[in-house]
>>> print(open('run-v6.cif').read())   # mmCIF, C-alpha atoms and all ligand atoms
data_upload
loop_
_atom_site.label_atom_id
_atom_site.label_comp_id
_atom_site.auth_asym_id
_atom_site.auth_seq_id
_atom_site.Cartn_x
_atom_site.Cartn_y
_atom_site.Cartn_z
CA MET A 132 -3.70 101.42 -12.72
CA SER A 133 -5.90 99.21 -10.58
CA GLY A 134 -7.92 97.79 -13.48
CA LEU A 135 -11.09 98.72 -11.59
CA THR A 136 -12.50 100.89 -14.38
CA GLN A 137 -12.23 98.09 -16.96
CA ALA A 138 -13.18 95.17 -14.68
CA LYS A 139 -16.28 93.20 -15.64
CA ARG A 140 -16.69 91.59 -12.23
CA VAL A 141 -15.56 93.10 -8.96
CA VAL A 142 -15.69 91.67 -5.43
CA VAL A 143 -15.47 94.24 -2.63
CA LYS A 144 -14.77 93.10 0.91
CA VAL A 145 -16.10 95.42 3.59
CA GLY A 146 -14.90 94.88 7.16
CA SER A 147 -16.88 95.10 10.40
CA ALA A 148 -15.19 98.37 11.41
CA LEU A 149 -16.73 100.08 8.34
CA VAL A 150 -20.32 98.88 8.59
CA ALA A 151 -20.78 98.61 12.36
CA GLY A 152 -20.56 101.89 14.26
CA PRO A 153 -20.76 102.23 18.07
CA ASP A 154 -24.59 102.53 17.97
CA GLY A 155 -25.43 100.08 15.21
CA PRO A 156 -24.91 100.12 11.44
CA ASP A 157 -22.93 103.11 10.12
CA ARG A 158 -25.72 104.30 7.84
CA ALA A 159 -23.87 107.39 6.62
CA TRP A 160 -20.91 105.37 5.38
CA LEU A 161 -23.18 102.71 3.88
CA ALA A 162 -25.23 105.34 2.01
CA ALA A 163 -22.11 106.93 0.51
CA PHE A 164 -20.63 103.55 -0.36
CA ALA A 165 -23.89 102.44 -1.99
CA ALA A 166 -23.60 105.44 -4.34
CA ASP A 167 -20.07 104.28 -5.16
CA LEU A 168 -21.40 100.76 -5.98
CA ALA A 169 -24.30 102.17 -8.00
CA ARG A 170 -21.83 104.07 -10.17
CA LEU A 171 -20.04 100.84 -11.12
CA ASN A 172 -23.35 99.07 -11.65
CA ALA A 173 -24.56 101.86 -13.97
CA ARG A 174 -21.38 101.38 -16.04
CA GLY A 175 -22.41 97.76 -16.59
CA GLN A 176 -19.95 96.30 -14.10
CA GLN A 177 -21.09 93.44 -11.88
CA VAL A 178 -20.31 93.96 -8.22
CA LEU A 179 -20.46 91.52 -5.33
CA VAL A 180 -20.02 92.66 -1.74
CA VAL A 181 -18.57 90.47 0.98
CA SER A 182 -19.71 92.14 4.17
CA SER A 183 -18.64 91.41 7.73
CA GLY A 184 -20.37 92.99 10.67
CA ALA A 185 -22.89 90.35 11.75
CA VAL A 186 -21.09 89.46 14.96
CA ALA A 187 -20.32 93.11 15.79
CA LEU A 188 -23.95 94.20 15.23
CA GLY A 189 -25.36 91.13 16.96
CA ARG A 190 -23.32 91.68 20.08
CA ARG A 191 -24.84 95.17 20.35
CA ARG A 192 -28.33 93.86 19.69
CA LEU A 193 -27.95 91.21 22.36
CA SER A 194 -26.16 93.64 24.72
CA ILE A 195 -23.08 91.48 25.21
CA SER A 196 -20.26 93.80 26.18
CA ARG A 197 -17.69 91.20 27.22
CA LYS A 198 -14.78 91.24 24.81
CA ALA A 199 -14.18 87.50 24.47
CA LEU A 200 -17.14 85.48 23.20
CA THR A 201 -17.50 81.70 23.28
CA LEU A 202 -18.10 80.07 19.90
CA PRO A 203 -21.84 79.49 20.55
CA GLU A 204 -22.15 83.13 21.69
CA LYS A 205 -20.40 84.29 18.53
CA GLN A 206 -22.78 82.18 16.46
CA ALA A 207 -25.77 83.59 18.34
CA CYS A 208 -24.48 87.13 17.73
CA ALA A 209 -24.00 86.33 14.04
CA ALA A 210 -27.63 85.17 13.82
CA ALA A 211 -28.98 88.28 15.53
CA GLY A 212 -26.64 90.62 13.69
CA GLN A 213 -26.98 89.22 10.18
CA SER A 214 -30.56 90.44 9.83
CA ALA A 215 -29.57 93.90 11.08
CA LEU A 216 -26.66 93.88 8.64
CA MET A 217 -28.89 92.99 5.69
CA ARG A 218 -31.47 95.60 6.62
CA ALA A 219 -28.73 98.22 6.60
CA TRP A 220 -27.49 97.08 3.16
CA GLU A 221 -31.03 97.03 1.77
CA GLU A 222 -31.73 100.55 3.05
CA ALA A 223 -28.48 101.78 1.55
CA LEU A 224 -28.96 100.18 -1.88
CA GLU A 225 -32.70 100.75 -2.36
CA PRO A 226 -32.49 104.49 -3.16
CA HIS A 227 -30.34 103.51 -6.17
CA GLY A 228 -32.90 101.00 -7.38
CA LEU A 229 -30.54 98.15 -6.45
CA ALA A 230 -31.69 94.96 -4.76
CA ALA A 231 -29.40 93.42 -2.15
CA ALA A 232 -29.43 89.61 -2.11
CA GLN A 233 -28.16 87.82 0.98
CA VAL A 234 -25.84 84.86 0.33
CA LEU A 235 -24.42 82.96 3.32
CA LEU A 236 -21.62 80.57 2.41
CA THR A 237 -19.59 77.92 4.18
CA ARG A 238 -16.20 76.68 3.05
CA ASP A 239 -17.71 73.62 1.38
CA ASP A 240 -19.55 75.91 -1.02
CA THR A 241 -16.26 76.86 -2.64
CA GLU A 242 -14.44 73.56 -2.14
CA VAL A 243 -16.90 70.73 -2.83
CA ARG A 244 -17.62 70.54 -6.54
CA ARG A 245 -21.40 69.97 -6.38
CA ARG A 246 -21.86 72.78 -3.89
CA TRP A 247 -19.52 74.97 -5.89
CA LEU A 248 -21.70 74.48 -8.98
CA ASN A 249 -24.78 75.38 -7.00
CA ALA A 250 -23.31 78.51 -5.40
CA HIS A 251 -21.79 79.52 -8.73
CA ALA A 252 -25.13 79.19 -10.52
CA THR A 253 -26.94 81.21 -7.85
CA LEU A 254 -24.38 84.02 -7.84
CA SER A 255 -24.29 84.15 -11.65
CA THR A 256 -28.09 84.34 -11.77
CA LEU A 257 -28.20 87.11 -9.17
CA LEU A 258 -25.66 89.11 -11.17
CA ALA A 259 -27.57 88.52 -14.41
CA LEU A 260 -30.70 89.82 -12.66
CA GLY A 261 -28.87 92.99 -11.70
CA CYS A 262 -28.76 92.33 -7.93
CA ILE A 263 -25.91 93.09 -5.60
CA PRO A 264 -25.08 89.85 -3.78
CA VAL A 265 -24.15 90.67 -0.17
CA ILE A 266 -22.16 87.69 1.02
CA ASN A 267 -21.05 86.61 4.49
CA GLU A 268 -19.88 83.41 6.06
CA ASN A 269 -22.75 81.38 7.51
CA ASP A 270 -21.25 81.78 11.00
CA THR A 271 -24.36 80.52 12.74
CA VAL A 272 -23.92 76.95 11.55
CA VAL A 273 -20.25 76.52 10.70
CA THR A 274 -17.95 74.69 13.07
CA GLU A 275 -14.31 75.60 13.60
CA GLU A 276 -13.04 72.93 11.19
CA ILE A 277 -15.14 74.02 8.24
CA ARG A 278 -14.89 77.79 8.45
CA TYR A 279 -13.04 80.24 6.28
CA GLY A 280 -12.63 82.10 9.55
CA ASP A 281 -12.16 85.51 8.00
CA ASN A 282 -13.92 87.38 5.27
CA ASP A 283 -10.72 88.34 3.41
CA ARG A 284 -10.22 84.72 2.36
CA LEU A 285 -13.93 84.21 1.82
CA ALA A 286 -13.88 87.23 -0.55
CA ALA A 287 -10.91 85.77 -2.44
CA ARG A 288 -12.67 82.40 -2.83
CA VAL A 289 -15.78 84.19 -4.11
CA ALA A 290 -13.63 86.16 -6.57
CA GLN A 291 -12.09 82.89 -7.74
CA MET A 292 -15.45 81.15 -8.05
CA ILE A 293 -17.07 83.91 -10.04
CA GLY A 294 -14.02 84.72 -12.21
CA ALA A 295 -13.72 88.31 -10.92
CA ASP A 296 -11.09 90.58 -12.44
CA VAL A 297 -10.57 92.69 -9.32
CA LEU A 298 -10.88 91.99 -5.60
CA VAL A 299 -10.99 95.14 -3.45
CA LEU A 300 -10.14 94.73 0.24
CA LEU A 301 -11.23 97.83 2.11
CA SER A 302 -9.00 98.17 5.11
CA ASP A 303 -7.82 100.51 7.86
CA ILE A 304 -4.47 100.81 6.10
CA ASP A 305 -3.93 102.25 2.62
CA GLY A 306 -1.98 99.27 1.33
CA LEU A 307 1.25 97.38 1.81
CA TYR A 308 4.52 98.92 3.02
CA THR A 309 8.12 97.79 3.18
CA ALA A 310 7.78 97.84 7.00
CA ASP A 311 5.07 98.62 9.55
CA PRO A 312 4.47 102.36 8.91
CA ARG A 313 3.24 102.99 12.46
CA HIS A 314 6.59 102.01 13.92
CA ASP A 315 9.09 102.59 11.17
CA PRO A 316 9.42 106.14 9.74
CA ASP A 317 11.39 104.76 6.79
CA ALA A 318 8.55 102.45 5.71
CA ARG A 319 7.80 102.95 2.02
CA HIS A 320 4.36 102.42 0.51
CA LEU A 321 4.20 99.81 -2.27
CA PRO A 322 1.81 100.93 -5.05
CA ARG A 323 2.25 97.76 -7.10
CA VAL A 324 3.31 94.27 -6.09
CA SER A 325 3.79 91.34 -8.44
CA HIS A 326 5.45 88.93 -5.99
CA LEU A 327 4.38 88.54 -2.40
CA THR A 328 7.87 88.21 -0.93
CA PRO A 329 8.83 86.93 2.54
CA GLU A 330 9.64 90.58 3.49
CA ILE A 331 6.06 91.62 2.68
CA GLU A 332 4.71 88.65 4.64
CA ALA A 333 6.88 89.63 7.62
CA MET A 334 5.60 93.20 7.56
CA ALA A 335 2.01 91.95 7.41
CA GLY A 336 2.59 89.62 10.34
CA GLY A 337 3.59 92.60 12.49
CA ALA A 338 0.64 94.72 11.47
CA ASN A 339 -1.69 91.83 12.18
CA ALA A 340 -0.69 91.53 15.79
CA ARG A 341 -2.91 94.35 17.05
CA ALA A 342 -6.51 93.63 18.04
CA GLY A 343 -9.38 95.15 16.07
CA VAL A 344 -13.12 94.83 15.52
CA GLY A 345 -12.84 92.33 12.67
CA THR A 346 -10.91 89.09 12.48
CA GLY A 347 -8.67 89.99 9.57
CA GLY A 348 -5.46 91.92 9.49
CA LEU A 349 -2.83 92.39 6.84
CA ALA A 350 -1.78 88.74 7.06
CA THR A 351 -5.23 87.48 6.03
CA LYS A 352 -5.31 90.15 3.29
CA ILE A 353 -2.07 88.76 1.90
CA ALA A 354 -3.43 85.20 2.11
CA ALA A 355 -6.48 86.45 0.18
CA ALA A 356 -4.31 88.22 -2.39
CA ARG A 357 -2.36 85.00 -2.91
CA ILE A 358 -5.58 83.08 -3.67
CA ALA A 359 -6.68 85.84 -6.04
CA GLN A 360 -3.27 85.91 -7.79
CA GLY A 361 -3.61 82.22 -8.67
CA ALA A 362 -7.15 82.84 -9.91
CA GLY A 363 -6.08 85.57 -12.35
CA CYS A 364 -7.63 88.32 -10.24
CA ALA A 365 -5.93 91.57 -9.15
CA THR A 366 -6.25 92.59 -5.49
CA VAL A 367 -6.49 96.21 -4.39
CA ILE A 368 -5.91 97.07 -0.73
CA THR A 369 -6.90 100.56 0.31
CA LEU A 370 -8.49 102.65 3.05
CA GLY A 371 -12.17 101.99 3.42
CA ARG A 372 -12.98 104.83 5.78
CA ARG A 373 -13.83 107.47 3.20
CA PRO A 374 -17.12 108.16 1.44
CA SER A 375 -16.29 106.69 -1.97
CA PRO A 376 -13.39 104.27 -1.61
CA LEU A 377 -13.92 102.83 -5.11
CA ALA A 378 -13.88 106.30 -6.70
CA ALA A 379 -10.73 107.02 -4.66
CA ILE A 380 -9.04 103.97 -6.20
CA GLU A 381 -10.00 105.14 -9.69
CA ASP A 382 -8.71 108.64 -8.88
CA GLY A 383 -5.32 107.19 -8.02
CA GLU A 384 -5.44 107.67 -4.23
CA THR A 385 -2.90 105.65 -2.26
CA ALA A 386 -3.54 101.91 -2.64
CA THR A 387 -1.60 98.74 -3.31
CA VAL A 388 -2.41 96.66 -6.37
CA ILE A 389 -1.28 93.04 -6.19
CA GLU A 390 -1.08 91.75 -9.72
CA PRO A 391 -2.48 88.37 -10.78
CA SER A 392 0.13 85.76 -11.62
CA VAL A 393 -1.92 84.12 -14.39
CA SER A 394 -4.88 85.01 -16.62
CA VAL A 395 -8.42 84.16 -15.45
CA THR A 396 -8.74 81.61 -18.29
CA ALA A 397 -5.43 79.91 -17.49
CA ALA A 398 -6.39 79.73 -13.80
CA TYR A 399 -9.76 78.20 -14.64
CA LYS A 400 -8.21 75.60 -16.91
CA ALA A 401 -5.52 74.75 -14.38
CA TRP A 402 -8.28 74.24 -11.83
CA ILE A 403 -10.16 71.87 -14.17
CA ALA A 404 -6.98 69.96 -15.00
CA GLY A 405 -5.53 69.78 -11.53
CA SER A 406 -8.05 70.22 -8.76
CA LEU A 407 -11.04 68.18 -9.83
CA ALA A 408 -11.10 64.40 -9.56
CA PRO A 409 -12.53 63.14 -12.87
CA SER A 410 -15.56 60.92 -12.43
CA GLY A 411 -15.49 59.26 -15.85
CA ALA A 412 -14.12 59.44 -19.36
CA VAL A 413 -15.21 59.96 -22.95
CA VAL A 414 -13.40 58.22 -25.78
CA VAL A 415 -13.15 60.38 -28.90
CA ASP A 416 -12.34 59.53 -32.53
CA ALA A 417 -9.31 60.84 -34.40
CA GLY A 418 -11.26 63.65 -36.09
CA ALA A 419 -12.51 64.98 -32.75
CA ALA A 420 -9.03 64.67 -31.23
CA ARG A 421 -7.68 66.83 -34.05
CA ALA A 422 -10.49 69.39 -33.65
CA LEU A 423 -9.86 69.63 -29.89
CA SER A 424 -6.17 70.32 -30.45
CA THR A 425 -7.12 73.38 -32.53
CA GLY A 426 -9.25 74.81 -29.71
CA LYS A 427 -12.69 73.46 -30.75
CA SER A 428 -15.42 72.13 -28.46
CA LEU A 429 -16.11 68.40 -28.14
CA LEU A 430 -19.29 67.53 -30.05
CA ALA A 431 -21.26 64.37 -29.37
CA ALA A 432 -20.62 63.33 -32.99
CA GLY A 433 -16.95 62.70 -32.24
CA VAL A 434 -17.54 60.58 -29.14
CA ARG A 435 -17.20 56.80 -29.50
CA ALA A 436 -17.78 55.65 -25.95
CA VAL A 437 -18.64 56.91 -22.48
CA GLU A 438 -17.03 55.40 -19.38
CA GLY A 439 -17.86 55.73 -15.70
CA ARG A 440 -20.66 57.62 -13.99
CA PHE A 441 -20.65 61.37 -13.99
CA GLY A 442 -23.18 64.09 -13.47
CA LYS A 443 -23.78 67.21 -15.52
CA GLY A 444 -20.96 69.66 -14.72
CA ASP A 445 -18.56 66.99 -13.45
CA ALA A 446 -14.99 66.75 -14.67
CA VAL A 447 -14.26 63.93 -17.12
CA ARG A 448 -11.15 62.69 -18.88
CA VAL A 449 -11.08 62.94 -22.65
CA VAL A 450 -9.11 60.06 -24.16
CA ASP A 451 -8.32 59.03 -27.73
CA GLU A 452 -9.01 55.58 -29.10
CA ALA A 453 -5.60 54.35 -27.97
CA GLY A 454 -6.52 55.34 -24.40
CA LEU A 455 -4.19 58.36 -24.27
CA GLU A 456 -5.48 61.32 -22.28
CA ILE A 457 -6.05 64.38 -24.45
CA GLY A 458 -7.49 66.62 -21.78
CA ARG A 459 -10.02 67.08 -19.03
CA GLY A 460 -13.22 69.02 -19.18
CA LEU A 461 -16.59 69.67 -17.62
CA ALA A 462 -19.37 67.58 -19.17
CA ARG A 463 -22.58 69.35 -20.15
CA TYR A 464 -24.55 66.07 -19.99
CA ASP A 465 -24.54 63.31 -17.39
CA ALA A 466 -23.10 59.92 -18.29
CA ALA A 467 -26.47 58.32 -19.12
CA ASP A 468 -27.43 61.12 -21.53
CA ALA A 469 -23.93 61.28 -23.00
CA GLU A 470 -24.20 57.59 -23.79
CA LYS A 471 -27.50 58.14 -25.61
CA ILE A 472 -26.15 60.94 -27.82
CA CYS A 473 -22.72 59.42 -28.46
CA GLY A 474 -21.96 59.70 -32.22
CA LEU A 475 -24.99 61.91 -32.95
CA LYS A 476 -24.89 65.17 -34.88
CA SER A 477 -25.73 68.23 -32.73
CA ASP A 478 -29.12 68.81 -34.42
CA ALA A 479 -30.23 65.24 -33.61
CA ILE A 480 -29.70 65.55 -29.84
CA GLU A 481 -32.99 67.22 -28.96
CA ALA A 482 -35.06 64.49 -30.59
CA VAL A 483 -33.35 61.88 -28.40
CA LEU A 484 -33.10 63.69 -25.04
CA GLY A 485 -35.89 66.24 -25.32
CA PHE A 486 -33.36 69.04 -24.75
CA THR A 487 -29.90 70.08 -25.79
CA SER A 488 -27.09 71.63 -23.78
CA GLY A 489 -24.85 72.19 -26.80
CA PRO A 490 -21.50 70.42 -27.14
CA LEU A 491 -20.61 67.57 -24.79
CA ILE A 492 -17.70 69.69 -23.48
CA HIS A 493 -17.40 73.34 -24.40
CA ALA A 494 -13.92 74.52 -25.41
CA ASP A 495 -14.05 77.07 -22.55
CA ASP A 496 -14.38 74.21 -20.06
CA LEU A 497 -11.72 71.99 -21.60
CA ALA A 498 -8.11 71.89 -20.42
CA LEU A 499 -5.92 70.10 -22.95
CA THR A 500 -2.94 68.14 -21.66
CA PRO A 501 0.09 70.33 -22.45
CA THR A 502 1.48 68.17 -25.29
CA ARG A 503 -1.88 68.40 -27.11
CA ALA A 504 -2.64 72.07 -26.55
CA PRO A 505 -2.54 74.40 -29.59
CA ALA A 506 0.72 76.38 -29.74
N1 LIG B 601 -18.30 86.85 9.37
C1 LIG B 601 -17.97 87.71 10.46
C2 LIG B 601 -19.09 88.71 10.69
O1 LIG B 601 -19.90 88.98 9.87
C3 LIG B 601 -16.71 88.51 10.22
C4 LIG B 601 -15.49 87.78 9.78
C5 LIG B 601 -14.39 88.79 9.37
O2 LIG B 601 -14.52 89.98 9.63
O3 LIG B 601 -13.39 88.40 8.78
O4 LIG B 601 -19.18 89.28 11.74
#
>>> encode(input="run-v6.cif", output="structure tokens", more="lines below")
Ligand code: GLU
Amino acid sequence: MSGLTQAKRVVVKVGSALVAGPDGPDRAWLAAFAADLARLNARGQQVLVVSSGAVALGRRRLSISRKALTLPEKQACAAAGQSALMRAWEEALEPHGLAAAQVLLTRDDTEVRRRWLNAHATLSTLLALGCIPVINENDTVVTEEIRYGDNDRLAARVAQMIGADVLVLLSDIDGLYTADPRHDPDARHLPRVSHLTPEIEAMAGGANARAGVGTGGLATKIAAARIAQGAGCATVITLGRRPSPLAAIEDGETATVIEPSVSVTAAYKAWIAGSLAPSGAVVVDAGAARALSTGKSLLAAGVRAVEGRFGKGDAVRVVDEAGLEIGRGLARYDAADAEKICGLKSDAIEAVLGFTSGPLIHADDLALTPTRAPA
């Protein structure tokens, strides 16, 4: 079971070799794949596509046949090819009444909190509007130091950001094996993997050595699967070169499912607790501290004081009146507004601020320190 049929959010990574044929975009494959995506969309599932192919299409458009490109040439090809790539996606999705929406990301968009919030809000809005985000790295402007470098990892970061349940990596190999199947007749296919062992890594290293159209290989797919595992997202690796690769996964065709190591919620809370530097603190009274420990949200009424400067969406420490940390959470108001509504009942907030964003910290965005968490 890949979990694809039940998934609410799915990220599918499509490599250059699938979308870029020898004479331009592979329209036949894209048309068939768009039908596959439309099927999931019609079932109410939200799908995001991470599509490579800009450099491959751009190099054809600009008639550069040399194999090795300099970085500026690669960036020029990405610029020329990205528009061709999007046109091909639009043409493929339009007959199904689906709008493609181009999103070009750089690594900062998934690693710097403010940019993360912005990218997250845009992607969530696109999904709510029923669009298919078609995402690529913004190759034209990124420098070597700030690139993801390959779309497998970019896809995993997107899956993490958007809380996807399944990440599908469409590949030229139908999954992971105990050894490189092209050289070892005893290589066994692995349908399900819960631990990415050193043996699996070693096999992927070998398979990655050969040159291809894209930048990825099995090694980057495993790196992506590792990111997804920690984000509570399952990864499916299967052959992309067939008309309906997603239907093939659901029909039980050969694929490898790499299981998540934690739940999406646990991963999100661990990220709030561990990865974000808190920009301030809220001091809560004993009643609020008790309510939080039973899984409730933090209401302004239970807040005694606000410390530091933080913006809406920033991580803050939640401390009790003795100064002990109870947890960390994402504030729904900035520090100045939080100060104004401190101690107020929820129905009095709007009169003071002119708006309300609900609780100061929603329970979903609050990671309690382990000793305080409900059993
Ligand atoms: N972003 C690159 C492109 O669109 C591809 C990177 C990759 O395939 O991993 O051409």
>>> residues_near_ligand(input="run-v6.cif", ligand="ligand LIG 601 (chain B)", cutoff="7 Å", atoms="all atoms listed in the file", output="ChimeraX atom specification")
/A:146-147,182-187,209,267-268,270,280-283,345-347
>>> residues_around(input="run-v6.cif", residues="stretch 362-371 of chain A", least_positions_apart="3", cutoff="7 Å", atoms="only C-alpha atoms", output="PyMOL selection string")
chain A and resi 133+149+291+295-306+356+358-359+376+385-395+398
>>> atom_distance(input="run-v6.cif", atom1="atom CA of A:His320", atom2="atom CA of A:Ser375")
21.2 Å
>>> residues_near_point(input="run-v6.cif", point="(-22.2, 108.2, 0.2)", cutoff="12 Å", atoms="all atoms listed in the file", output="PyMOL selection string")
chain A and resi 157-170+223-224+226-227+372-378
>>> write_last_selection(input="run-v6.cif", atoms="C-alpha atoms", output="PDB file, in the frame of the given file")
ATOM      1  CA  ASP A 157     -22.930 103.110  10.120  1.00  0.00           C
ATOM      2  CA  ARG A 158     -25.720 104.300   7.840  1.00  0.00           C
ATOM      3  CA  ALA A 159     -23.870 107.390   6.620  1.00  0.00           C
ATOM      4  CA  TRP A 160     -20.910 105.370   5.380  1.00  0.00           C
ATOM      5  CA  LEU A 161     -23.180 102.710   3.880  1.00  0.00           C
ATOM      6  CA  ALA A 162     -25.230 105.340   2.010  1.00  0.00           C
ATOM      7  CA  ALA A 163     -22.110 106.930   0.510  1.00  0.00           C
ATOM      8  CA  PHE A 164     -20.630 103.550  -0.360  1.00  0.00           C
ATOM      9  CA  ALA A 165     -23.890 102.440  -1.990  1.00  0.00           C
ATOM     10  CA  ALA A 166     -23.600 105.440  -4.340  1.00  0.00           C
ATOM     11  CA  ASP A 167     -20.070 104.280  -5.160  1.00  0.00           C
ATOM     12  CA  LEU A 168     -21.400 100.760  -5.980  1.00  0.00           C
ATOM     13  CA  ALA A 169     -24.300 102.170  -8.000  1.00  0.00           C
ATOM     14  CA  ARG A 170     -21.830 104.070 -10.170  1.00  0.00           C
ATOM     15  CA  ALA A 223     -28.480 101.780   1.550  1.00  0.00           C
ATOM     16  CA  LEU A 224     -28.960 100.180  -1.880  1.00  0.00           C
ATOM     17  CA  PRO A 226     -32.490 104.490  -3.160  1.00  0.00           C
ATOM     18  CA  HIS A 227     -30.340 103.510  -6.170  1.00  0.00           C
ATOM     19  CA  ARG A 372     -12.980 104.830   5.780  1.00  0.00           C
ATOM     20  CA  ARG A 373     -13.830 107.470   3.200  1.00  0.00           C
ATOM     21  CA  PRO A 374     -17.120 108.160   1.440  1.00  0.00           C
ATOM     22  CA  SER A 375     -16.290 106.690  -1.970  1.00  0.00           C
ATOM     23  CA  PRO A 376     -13.390 104.270  -1.610  1.00  0.00           C
ATOM     24  CA  LEU A 377     -13.920 102.830  -5.110  1.00  0.00           C
ATOM     25  CA  ALA A 378     -13.880 106.300  -6.700  1.00  0.00           C
TER      26      ALA A 378
END
>>> closest_residue(input="run-v6.cif", among="A:Ala466, A:Val273, A:Met334, A:Ala250", to="A:Leu202", atoms="all atoms listed in the file")
A:Val273
>>> residues_around(input="run-v6.cif", residues="stretch 480-490 of chain A", least_positions_apart="6", cutoff="9 Å", atoms="all atoms listed in the file", output="PyMOL selection string")
chain A and resi 428-431+462-464+468+471-472
>>> residues_around(input="run-v6.cif", residues="A:Val234", least_positions_apart="4", cutoff="8 Å", atoms="only C-alpha atoms", output="PDB file with C-alpha atoms, in the coordinates of the input")
ATOM      1  CA  PRO A 264     -25.080  89.850  -3.780  1.00  0.00           C
ATOM      2  CA  VAL A 265     -24.150  90.670  -0.170  1.00  0.00           C
ATOM      3  CA  ILE A 266     -22.160  87.690   1.020  1.00  0.00           C
ATOM      4  CA  ASN A 267     -21.050  86.610   4.490  1.00  0.00           C
TER       5      ASN A 267
END
>>> closest_residue(input="run-v6.cif", among="A:Gly294, A:Ala419, A:Ile331, A:Gly348", to="A:Trp402", atoms="all atoms listed in the file")
A:Gly294
>>> atom_distance(input="run-v6.cif", atom1="atom CA of A:Ala422", atom2="atom CA of A:Glu452")
14.6 Å
>>> closest_residue(input="run-v6.cif", among="A:Gln137, A:Gln213, A:Thr309, A:Ser477", to="A:Ala151", atoms="all atoms listed in the file")
A:Gln213
>>> residues_around(input="run-v6.cif", residues="A:Leu423", least_positions_apart="3", cutoff="10 Å", atoms="only C-alpha atoms", output="list of chain:residue names")
A:Val415, A:Ala417, A:Gly418, A:Ala419, A:Ala420, A:Gly426, A:Lys427, A:Ser428, A:Leu429, A:Leu430, A:Val449, A:Ile457, A:Gly458, A:Ala494, A:Leu497, A:Ala498, A:Leu499, A:Arg503, A:Ala504, A:Pro505
>>> atom_distance(input="run-v6.cif", atom1="atom CA of A:Leu407", atom2="atom CA of A:Glu438")
17.0 Å
>>> closest_residue(input="run-v6.cif", among="A:Ile277, A:Ala215, A:Leu179, A:Val324", to="A:Leu257", atoms="all atoms listed in the file")
A:Leu179
>>> residues_around(input="run-v6.cif", residues="A:Met217", least_positions_apart="5", cutoff="9 Å", atoms="only C-alpha atoms", output="VMD selection string")
chain A and resid 185 212 222 231 to 233 265
>>> closest_residue(input="run-v6.cif", among="A:Ser196, A:Ser424, A:Ile263, A:Leu461", to="A:Glu221", atoms="all atoms listed in the file")
A:Ile263
>>> closest_residue(input="run-v6.cif", among="A:Trp247, A:Ala252, A:Leu307, A:Ala210", to="A:Leu321", atoms="all atoms listed in the file")
A:Leu307
>>> decode(input="run-v6.cif", residues="stretch 293-330 of chain A", atoms="C-alpha atoms", output="PDB file, in the first residue's frame")
ATOM      1  CA  ILE A 293       3.007  21.812   2.720  1.00  0.00           C
ATOM      2  CA  GLY A 294       2.525  18.804   5.044  1.00  0.00           C
ATOM      3  CA  ALA A 295       2.095  16.322   2.160  1.00  0.00           C
ATOM      4  CA  ASP A 296       1.261  12.709   2.981  1.00  0.00           C
ATOM      5  CA  VAL A 297       2.959  11.233  -0.076  1.00  0.00           C
ATOM      6  CA  LEU A 298       5.911  12.298  -2.213  1.00  0.00           C
ATOM      7  CA  VAL A 299       6.125  10.495  -5.563  1.00  0.00           C
ATOM      8  CA  LEU A 300       9.497  10.503  -7.318  1.00  0.00           C
ATOM      9  CA  LEU A 301       9.036   9.428 -10.913  1.00  0.00           C
ATOM     10  CA  SER A 302      12.249   7.857 -12.040  1.00  0.00           C
ATOM     11  CA  ASP A 303      13.892   5.697 -14.693  1.00  0.00           C
ATOM     12  CA  ILE A 304      14.088   2.853 -12.198  1.00  0.00           C
ATOM     13  CA  ASP A 305      11.107   1.145 -10.559  1.00  0.00           C
ATOM     14  CA  GLY A 306      12.383   1.560  -7.020  1.00  0.00           C
ATOM     15  CA  LEU A 307      15.158   0.485  -4.699  1.00  0.00           C
ATOM     16  CA  TYR A 308      17.020  -2.834  -4.916  1.00  0.00           C
ATOM     17  CA  THR A 309      19.400  -4.727  -2.675  1.00  0.00           C
ATOM     18  CA  ALA A 310      22.093  -4.129  -5.340  1.00  0.00           C
ATOM     19  CA  ASP A 311      22.339  -2.384  -8.714  1.00  0.00           C
ATOM     20  CA  PRO A 312      19.949  -4.507 -10.845  1.00  0.00           C
ATOM     21  CA  ARG A 313      21.742  -3.664 -14.094  1.00  0.00           C
ATOM     22  CA  HIS A 314      24.923  -5.331 -12.906  1.00  0.00           C
ATOM     23  CA  ASP A 315      23.831  -7.849 -10.324  1.00  0.00           C
ATOM     24  CA  PRO A 316      21.375 -10.596 -11.400  1.00  0.00           C
ATOM     25  CA  ASP A 317      20.722 -11.426  -7.735  1.00  0.00           C
ATOM     26  CA  ALA A 318      19.506  -7.897  -6.943  1.00  0.00           C
ATOM     27  CA  ARG A 319      16.136  -8.044  -5.196  1.00  0.00           C
ATOM     28  CA  HIS A 320      13.529  -5.301  -5.481  1.00  0.00           C
ATOM     29  CA  LEU A 321      12.481  -3.712  -2.172  1.00  0.00           C
ATOM     30  CA  PRO A 322       8.721  -2.973  -2.147  1.00  0.00           C
ATOM     31  CA  ARG A 323       8.761  -1.393   1.305  1.00  0.00           C
ATOM     32  CA  VAL A 324      11.555   0.256   3.256  1.00  0.00           C
ATOM     33  CA  SER A 325      11.290   1.622   6.777  1.00  0.00           C
ATOM     34  CA  HIS A 326      15.000   2.239   7.413  1.00  0.00           C
ATOM     35  CA  LEU A 327      17.349   3.650   4.831  1.00  0.00           C
ATOM     36  CA  THR A 328      20.318   1.442   5.680  1.00  0.00           C
ATOM     37  CA  PRO A 329      23.974   1.932   4.647  1.00  0.00           C
ATOM     38  CA  GLU A 330      23.507  -1.000   2.196  1.00  0.00           C
TER      39      GLU A 330
END
